[in-house]
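These notes are about the structure you will find just below.
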Amino acid sequence: MSKTTFITGANKGLGFETARRLTELGHTVLLGARDVARGRRAAAALGARFVQVDVTDDASVAAAAADVAAHEGRVDVLINNAGITGTVVSAEELTGAEAARVLDTNVAGVVRVTAAFLPLLRASDAPAVVNVTSGLGSVALTHDPGRVESQVIAPAYAASKAAVTVLTTQYAKAWADVRFNAVDPGYTATDLNGHSGTQTVTEGTDAIVTLAIEDADAGTGRVIDRYGPLAW
């Protein structure tokens with residue numbers, strides 16, 4: 001039986017490439033996006049089904065979950081990919097409002113979607129949640145002079161991704177019946193970094209796809225990149 005996979009922020013970048021690859025692997029992909037026109041175009045290009053969802057809006061998330069409940073009835077893999085970098089400003093210029101905006105999308109968005117989709121996940125025989133984090137949220141990597149993460153200063157974004165990682169491990173402990181893991185795509189060329197990344201989107205989605213297709217007994221509460229387990 002085909003796996004049903006819901007991906008947030010999937011109309012472009014890592015989300016779109018993940019949707020493309022999983023569709024090719026036989027998953028029934030539900031392509032979640034905030035923008036209706038862009039989402040429909042992306043879904044049509046892949047042969048996926050578009051589901052409108054704004055992860056910052058409780059009503060939108062609830063409507064998306066209700067839509068999937070009515071059509072597919074379950075979700076086997078939930079990929080929380082939607083995220084923003086926020087306004088690029090110096091640390092001195094960062095405001096509380098801007099930090100709250102980034103955290104609302106990147107962290108509270110994961111909470112909203114995961115909570116709303118939990119009943120759909122529990123309808124699966126082997127439910128899995130994949131949260132897209134970043135090495136910029138890693139204490140180990142941001143202090144390693146040999147890693148590009150140590151050269152970047154992005155307080156709000158980095159803090160949000162550190163929170164995503166811990167949220168993942170906490171959910172893994174809280175819900176033993178659902179597999180929760182986090183993935184660092186690596187420095188990938190996407191709109192988020194002005195396509196300055198050194199990896200292709202295919203390379204950037206390797207670890208996401210790995211977690212989406214792995215066996216049910218692969219483990220929970222892990223953080224990986226395309227090379228394996230990641231230090232945090």
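The chains in the structure tokens are called A, B, ... from first to last as shown; in each chain the residues are counted from 1, and the ligands are counted from 1 in the order shown.
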Which of region 5-229 of chain A fall in strand (DSSP E), as a PyMOL selection string: chain A and resi 5-7+28-33+49-52+77-80+128-132+179-183+222-225+228-229
Within 9 Å of region 35-42 of chain A using only C-alpha atoms, minus same-chain residues under 6 positions, as a PyMOL selection string: chain A and resi 9-12+16+48-54
May I have the selected residues written with N, CA, C and O atoms, as a PDB file, in the first residue's frame?
```pdb
ATOM      1  N   GLY A   9       5.067  23.653   3.103  1.00  0.00           N
ATOM      2  CA  GLY A   9       6.011  24.504   2.382  1.00  0.00           C
ATOM      3  C   GLY A   9       6.595  23.815   1.167  1.00  0.00           C
ATOM      4  O   GLY A   9       7.791  23.918   0.878  1.00  0.00           O
ATOM      5  N   ALA A  10       5.746  23.116   0.405  1.00  0.00           N
ATOM      6  CA  ALA A  10       6.249  22.221  -0.646  1.00  0.00           C
ATOM      7  C   ALA A  10       6.118  22.768  -2.059  1.00  0.00           C
ATOM      8  O   ALA A  10       6.325  22.035  -3.021  1.00  0.00           O
ATOM      9  N   ASN A  11       5.811  24.053  -2.206  1.00  0.00           N
ATOM     10  CA  ASN A  11       5.648  24.585  -3.555  1.00  0.00           C
ATOM     11  C   ASN A  11       6.975  24.968  -4.220  1.00  0.00           C
ATOM     12  O   ASN A  11       7.024  25.252  -5.408  1.00  0.00           O
ATOM     13  N   LYS A  12       8.076  24.961  -3.436  1.00  0.00           N
ATOM     14  CA  LYS A  12       9.381  25.300  -4.019  1.00  0.00           C
ATOM     15  C   LYS A  12      10.487  24.716  -3.141  1.00  0.00           C
ATOM     16  O   LYS A  12      10.237  24.176  -2.068  1.00  0.00           O
ATOM     17  N   PHE A  16       9.535  21.103  -2.462  1.00  0.00           N
ATOM     18  CA  PHE A  16       9.129  20.678  -3.805  1.00  0.00           C
ATOM     19  C   PHE A  16       9.961  19.486  -4.264  1.00  0.00           C
ATOM     20  O   PHE A  16       9.435  18.510  -4.810  1.00  0.00           O
ATOM     21  N   ALA A  48       0.815  15.530  -7.728  1.00  0.00           N
ATOM     22  CA  ALA A  48       0.472  15.451  -6.315  1.00  0.00           C
ATOM     23  C   ALA A  48      -0.870  16.138  -6.089  1.00  0.00           C
ATOM     24  O   ALA A  48      -1.414  16.773  -6.988  1.00  0.00           O
ATOM     25  N   ARG A  49      -1.398  16.024  -4.871  1.00  0.00           N
ATOM     26  CA  ARG A  49      -2.641  16.744  -4.542  1.00  0.00           C
ATOM     27  C   ARG A  49      -2.296  17.941  -3.675  1.00  0.00           C
ATOM     28  O   ARG A  49      -1.591  17.819  -2.662  1.00  0.00           O
ATOM     29  N   PHE A  50      -2.796  19.100  -4.061  1.00  0.00           N
ATOM     30  CA  PHE A  50      -2.534  20.329  -3.314  1.00  0.00           C
ATOM     31  C   PHE A  50      -3.490  20.452  -2.136  1.00  0.00           C
ATOM     32  O   PHE A  50      -4.694  20.224  -2.258  1.00  0.00           O
ATOM     33  N   VAL A  51      -2.923  20.831  -0.983  1.00  0.00           N
ATOM     34  CA  VAL A  51      -3.717  21.136   0.206  1.00  0.00           C
ATOM     35  C   VAL A  51      -3.224  22.477   0.741  1.00  0.00           C
ATOM     36  O   VAL A  51      -2.060  22.615   1.105  1.00  0.00           O
ATOM     37  N   GLN A  52      -4.102  23.459   0.777  1.00  0.00           N
ATOM     38  CA  GLN A  52      -3.706  24.782   1.253  1.00  0.00           C
ATOM     39  C   GLN A  52      -3.477  24.744   2.752  1.00  0.00           C
ATOM     40  O   GLN A  52      -4.295  24.196   3.505  1.00  0.00           O
ATOM     41  N   VAL A  53      -2.353  25.306   3.188  1.00  0.00           N
ATOM     42  CA  VAL A  53      -2.087  25.361   4.629  1.00  0.00           C
ATOM     43  C   VAL A  53      -1.125  26.504   4.929  1.00  0.00           C
ATOM     44  O   VAL A  53      -0.104  26.670   4.272  1.00  0.00           O
ATOM     45  N   ASP A  54      -1.508  27.324   5.895  1.00  0.00           N
ATOM     46  CA  ASP A  54      -0.644  28.373   6.434  1.00  0.00           C
ATOM     47  C   ASP A  54      -0.298  27.947   7.852  1.00  0.00           C
ATOM     48  O   ASP A  54      -1.155  27.948   8.736  1.00  0.00           O
TER      49      ASP A  54
END
```
Residue set, region 45-210 of chain A restricted to helix (DSSP H, G or I), as a PyMOL selection string: chain A and resi 45-46+58-71+91-93+96-121+135-137+139-142+148-151+155-174+191-193+201-204+206-210
Would you mind listing, for every residue of region 66-185 of chain A within 8 Å of region 212-220 of chain A, the two atoms forming the shortest contact and the distance between them in Å to one decimal, using only C-alpha atoms, sorted by chain and ascending residue number, as JSON lines?
```
{"residue": "A:Val77", "atom": "CA", "partner": "A:Ala212", "partner_atom": "CA", "distance": 6.4}
{"residue": "A:Ala126", "atom": "CA", "partner": "A:Ala216", "partner_atom": "CA", "distance": 5.8}
{"residue": "A:Pro127", "atom": "CA", "partner": "A:Ala216", "partner_atom": "CA", "distance": 8.0}
{"residue": "A:Ala128", "atom": "CA", "partner": "A:Ala212", "partner_atom": "CA", "distance": 7.4}
{"residue": "A:Val130", "atom": "CA", "partner": "A:Ala212", "partner_atom": "CA", "distance": 7.1}
{"residue": "A:Thr169", "atom": "CA", "partner": "A:Thr220", "partner_atom": "CA", "distance": 8.0}
{"residue": "A:Ala172", "atom": "CA", "partner": "A:Thr220", "partner_atom": "CA", "distance": 6.0}
{"residue": "A:Arg179", "atom": "CA", "partner": "A:Thr220", "partner_atom": "CA", "distance": 5.0}
{"residue": "A:Phe180", "atom": "CA", "partner": "A:Thr220", "partner_atom": "CA", "distance": 5.2}
{"residue": "A:Asn181", "atom": "CA", "partner": "A:Thr220", "partner_atom": "CA", "distance": 5.7}
```
Selection export as a short mmCIF file (atom, residue, chain, number, x, y, z; two decimals), in the first residue's frame, atoms kept: C-alpha atoms:
```
data_model
loop_
_atom_site.label_atom_id
_atom_site.label_comp_id
_atom_site.auth_asym_id
_atom_site.auth_seq_id
_atom_site.Cartn_x
_atom_site.Cartn_y
_atom_site.Cartn_z
CA VAL A 77 4.61 10.52 6.94
CA ALA A 126 3.79 3.05 11.01
CA PRO A 127 3.50 6.83 11.43
CA ALA A 128 6.54 9.05 11.11
CA VAL A 130 10.21 14.39 9.85
CA THR A 169 13.30 14.82 20.69
CA ALA A 172 9.74 11.38 20.41
CA ARG A 179 8.41 8.07 15.08
CA PHE A 180 9.86 11.60 15.33
CA ASN A 181 13.17 12.54 13.74
#
```
Residue contacts of region 142-144 of chain A (12 Å, only C-alpha atoms) excluding same-chain residues fewer than 5 positions away, as a list in words: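 The contact residues come out as Ser134, Gly135, Leu136, Gly137, Glu149, Ser150, Gln151, Val152, Ile153, Ala154, Pro155, Ala158, Ala159, Ala162, Ala231 and Trp232 of chain A.
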How would the residues just chosen look if you wrote them out with N, CA, C and O atoms as a short mmCIF file (atom, residue, chain, number, x, y, z; two decimals), in the first residue's frame?
```
data_model
loop_
_atom_site.label_atom_id
_atom_site.label_comp_id
_atom_site.auth_asym_id
_atom_site.auth_seq_id
_atom_site.Cartn_x
_atom_site.Cartn_y
_atom_site.Cartn_z
N SER A 134 18.22 22.57 11.16
CA SER A 134 19.39 23.14 10.49
C SER A 134 20.61 23.01 11.39
O SER A 134 20.49 23.10 12.62
N GLY A 135 21.76 22.82 10.77
CA GLY A 135 23.00 22.82 11.52
C GLY A 135 23.28 24.13 12.21
O GLY A 135 24.06 24.19 13.17
N LEU A 136 22.59 25.19 11.76
CA LEU A 136 22.76 26.50 12.41
C LEU A 136 22.18 26.50 13.82
O LEU A 136 22.48 27.39 14.61
N GLY A 137 21.37 25.52 14.13
CA GLY A 137 20.82 25.40 15.48
C GLY A 137 21.62 24.46 16.35
O GLY A 137 21.20 24.15 17.47
N GLU A 149 28.67 26.48 9.22
CA GLU A 149 27.72 26.98 10.22
C GLU A 149 28.38 27.95 11.22
O GLU A 149 27.71 28.82 11.76
N SER A 150 29.68 27.79 11.43
CA SER A 150 30.37 28.65 12.40
C SER A 150 30.61 30.06 11.86
O SER A 150 30.98 30.96 12.61
N GLN A 151 30.38 30.26 10.57
CA GLN A 151 30.63 31.56 9.95
C GLN A 151 29.37 32.40 9.78
O GLN A 151 29.44 33.52 9.28
N VAL A 152 28.23 31.85 10.18
CA VAL A 152 26.94 32.51 9.95
C VAL A 152 26.39 33.06 11.27
O VAL A 152 26.40 32.37 12.29
N ILE A 153 25.91 34.30 11.24
CA ILE A 153 25.24 34.89 12.40
C ILE A 153 23.80 35.18 12.01
O ILE A 153 23.52 36.06 11.20
N ALA A 154 22.89 34.40 12.56
CA ALA A 154 21.47 34.54 12.27
C ALA A 154 20.70 34.14 13.53
O ALA A 154 20.14 33.04 13.60
N PRO A 155 20.70 35.02 14.55
CA PRO A 155 20.18 34.63 15.87
C PRO A 155 18.77 34.05 15.88
O PRO A 155 18.54 33.01 16.50
N ALA A 158 18.65 30.64 13.80
CA ALA A 158 19.41 29.60 14.48
C ALA A 158 18.69 29.14 15.74
O ALA A 158 18.60 27.94 16.03
N ALA A 159 18.16 30.09 16.51
CA ALA A 159 17.43 29.75 17.73
C ALA A 159 16.19 28.93 17.41
O ALA A 159 15.84 27.98 18.12
N ALA A 162 17.28 25.36 16.64
CA ALA A 162 17.64 24.65 17.87
C ALA A 162 16.36 24.18 18.57
O ALA A 162 16.29 23.06 19.09
N ALA A 231 25.99 15.71 15.30
CA ALA A 231 26.32 16.17 16.65
C ALA A 231 25.54 17.43 16.99
O ALA A 231 25.40 18.32 16.17
N TRP A 232 25.03 17.49 18.24
CA TRP A 232 24.27 18.67 18.65
C TRP A 232 24.79 19.25 19.94
O TRP A 232 24.44 20.34 20.31
#
```
Best match for closeness to Leu118 (chain A) among A:Val88, A:Leu103, A:Val148, A:Val75, counting only C-alpha atoms: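 Among the listed residues, A:Val75 lies closest to Leu118 (chain A).
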Long-range neighbours of Val110 (chain A) as number ranges by chain, 12 Å cut-off, only C-alpha atoms, 5 positions minimum in chain: A: 7-9, 54-58, 61, 78-83, 103-105, 115-118, 129-133, 160-161, 163-168, 171, 180, 182
Okay, now the selection with N, CA and C atoms, as a short mmCIF file (atom, residue, chain, number, x, y, z; two decimals), in the first residue's frame?
```cif
data_model
loop_
_atom_site.label_atom_id
_atom_site.label_comp_id
_atom_site.auth_asym_id
_atom_site.auth_seq_id
_atom_site.Cartn_x
_atom_site.Cartn_y
_atom_site.Cartn_z
N ILE A 7 3.48 17.23 3.12
CA ILE A 7 4.67 18.08 3.22
C ILE A 7 4.25 19.55 3.27
N THR A 8 4.68 20.26 4.29
CA THR A 8 4.38 21.69 4.36
C THR A 8 5.45 22.48 3.61
N GLY A 9 5.07 23.65 3.10
CA GLY A 9 6.01 24.50 2.38
C GLY A 9 6.60 23.81 1.17
N ASP A 54 -1.51 27.32 5.89
CA ASP A 54 -0.64 28.37 6.43
C ASP A 54 -0.30 27.95 7.85
N VAL A 55 0.96 27.58 8.07
CA VAL A 55 1.33 26.99 9.37
C VAL A 55 1.27 27.99 10.51
N THR A 56 1.10 29.28 10.20
CA THR A 56 0.98 30.28 11.26
C THR A 56 -0.46 30.54 11.66
N ASP A 57 -1.39 29.84 11.04
CA ASP A 57 -2.82 30.10 11.25
C ASP A 57 -3.51 28.83 11.73
N ASP A 58 -4.02 28.86 12.96
CA ASP A 58 -4.68 27.68 13.54
C ASP A 58 -5.84 27.17 12.69
N VAL A 61 -4.59 25.42 9.49
CA VAL A 61 -4.04 24.10 9.79
C VAL A 61 -5.16 23.10 10.08
N LEU A 78 4.53 12.72 7.96
CA LEU A 78 4.34 14.17 8.01
C LEU A 78 5.71 14.82 7.95
N ILE A 79 5.92 15.68 6.97
CA ILE A 79 7.20 16.38 6.84
C ILE A 79 6.97 17.86 7.10
N ASN A 80 7.43 18.32 8.27
CA ASN A 80 7.31 19.73 8.64
C ASN A 80 8.51 20.48 8.04
N ASN A 81 8.29 20.99 6.84
CA ASN A 81 9.36 21.64 6.08
C ASN A 81 9.24 23.16 6.03
N ALA A 82 8.03 23.68 6.15
CA ALA A 82 7.81 25.13 6.01
C ALA A 82 8.65 25.91 7.01
N GLY A 83 9.29 26.97 6.52
CA GLY A 83 10.10 27.79 7.41
C GLY A 83 10.55 29.06 6.72
N LEU A 103 9.97 32.55 15.03
CA LEU A 103 9.64 31.43 15.91
C LEU A 103 8.20 30.95 15.68
N ASP A 104 7.30 31.86 15.34
CA ASP A 104 5.92 31.49 15.10
C ASP A 104 5.82 30.55 13.90
N THR A 105 6.56 30.87 12.85
CA THR A 105 6.53 30.02 11.66
C THR A 105 7.31 28.74 11.87
N ALA A 115 0.15 18.74 16.03
CA ALA A 115 -1.01 18.51 16.89
C ALA A 115 -2.26 18.22 16.07
N ALA A 116 -2.46 18.99 15.00
CA ALA A 116 -3.67 18.81 14.18
C ALA A 116 -3.64 17.50 13.40
N PHE A 117 -2.45 17.05 13.02
CA PHE A 117 -2.34 15.85 12.19
C PHE A 117 -2.10 14.58 13.01
N LEU A 118 -1.99 14.70 14.32
CA LEU A 118 -1.73 13.53 15.14
C LEU A 118 -2.78 12.44 14.98
N VAL A 129 7.11 11.33 11.68
CA VAL A 129 7.19 12.78 11.50
C VAL A 129 8.65 13.14 11.24
N VAL A 130 8.87 13.92 10.19
CA VAL A 130 10.21 14.39 9.85
C VAL A 130 10.21 15.92 9.97
N ASN A 131 10.99 16.44 10.90
CA ASN A 131 11.08 17.88 11.09
C ASN A 131 12.38 18.40 10.47
N VAL A 132 12.26 19.41 9.61
CA VAL A 132 13.44 19.96 8.96
C VAL A 132 14.07 21.01 9.87
N THR A 133 15.24 20.70 10.39
CA THR A 133 15.97 21.60 11.25
C THR A 133 17.15 22.19 10.47
N SER A 160 15.52 29.29 16.32
CA SER A 160 14.30 28.56 15.95
C SER A 160 14.62 27.11 15.59
N LYS A 161 15.75 26.90 14.92
CA LYS A 161 16.09 25.54 14.51
C LYS A 161 16.61 24.71 15.69
N ALA A 163 15.36 25.04 18.56
CA ALA A 163 14.08 24.69 19.18
C ALA A 163 13.40 23.54 18.44
N VAL A 164 13.47 23.54 17.12
CA VAL A 164 12.87 22.46 16.34
C VAL A 164 13.51 21.11 16.71
N THR A 165 14.82 21.11 16.86
CA THR A 165 15.50 19.87 17.21
C THR A 165 15.05 19.35 18.57
N VAL A 166 15.02 20.22 19.57
CA VAL A 166 14.61 19.80 20.91
C VAL A 166 13.12 19.42 20.93
N LEU A 167 12.31 20.15 20.18
CA LEU A 167 10.90 19.81 20.07
C LEU A 167 10.75 18.40 19.52
N THR A 168 11.57 18.06 18.53
CA THR A 168 11.53 16.73 17.94
C THR A 168 11.85 15.65 18.95
N TYR A 171 8.98 15.34 21.51
CA TYR A 171 7.84 14.62 20.95
C TYR A 171 8.13 13.13 20.85
N PHE A 180 9.51 10.20 15.54
CA PHE A 180 9.86 11.60 15.33
C PHE A 180 11.36 11.72 15.11
N ALA A 182 14.55 14.45 13.21
CA ALA A 182 14.86 15.74 12.61
C ALA A 182 15.98 15.58 11.60
#
```
Straight-line distance linking CA of Arg20 (chain A) with CA of Leu211 (chain A), stated in Å to one decimal: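 Here the two named atoms are 15.4 Å from each other.
Comparing the minimum interatomic distances between Asp177 (chain A) and each of A:Pro119, A:Gly109, A:Gly146, A:Gly32, counting only C-alpha atoms, we find that A:Pro119 sits nearest.
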Nearest-residue call for Val209 (chain A), choices A:Gly73, A:Gly15, A:Gly221, A:Gly186, using only C-alpha atoms: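 Closest candidate: A:Gly15.
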Nearest to Ile84 (chain A), chosen from A:Tyr227, A:Trp175, A:Phe6, A:Tyr157, with only C-alpha atoms counted in the distances: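 Result for the nearest residue to Ile84 (chain A): A:Tyr157.
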Best match for closeness to Ala19 (chain A) among A:Ala156, A:Ala108, A:Ala97, A:Ile208, counting only C-alpha atoms: A:Ile208
Selected residue, from A:Ala207, A:Val139, A:Val201, A:Val107, that lies nearest to Asp225 (chain A) when counting only C-alpha atoms: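 The answer is A:Ala207, which sits nearest to Asp225 (chain A).
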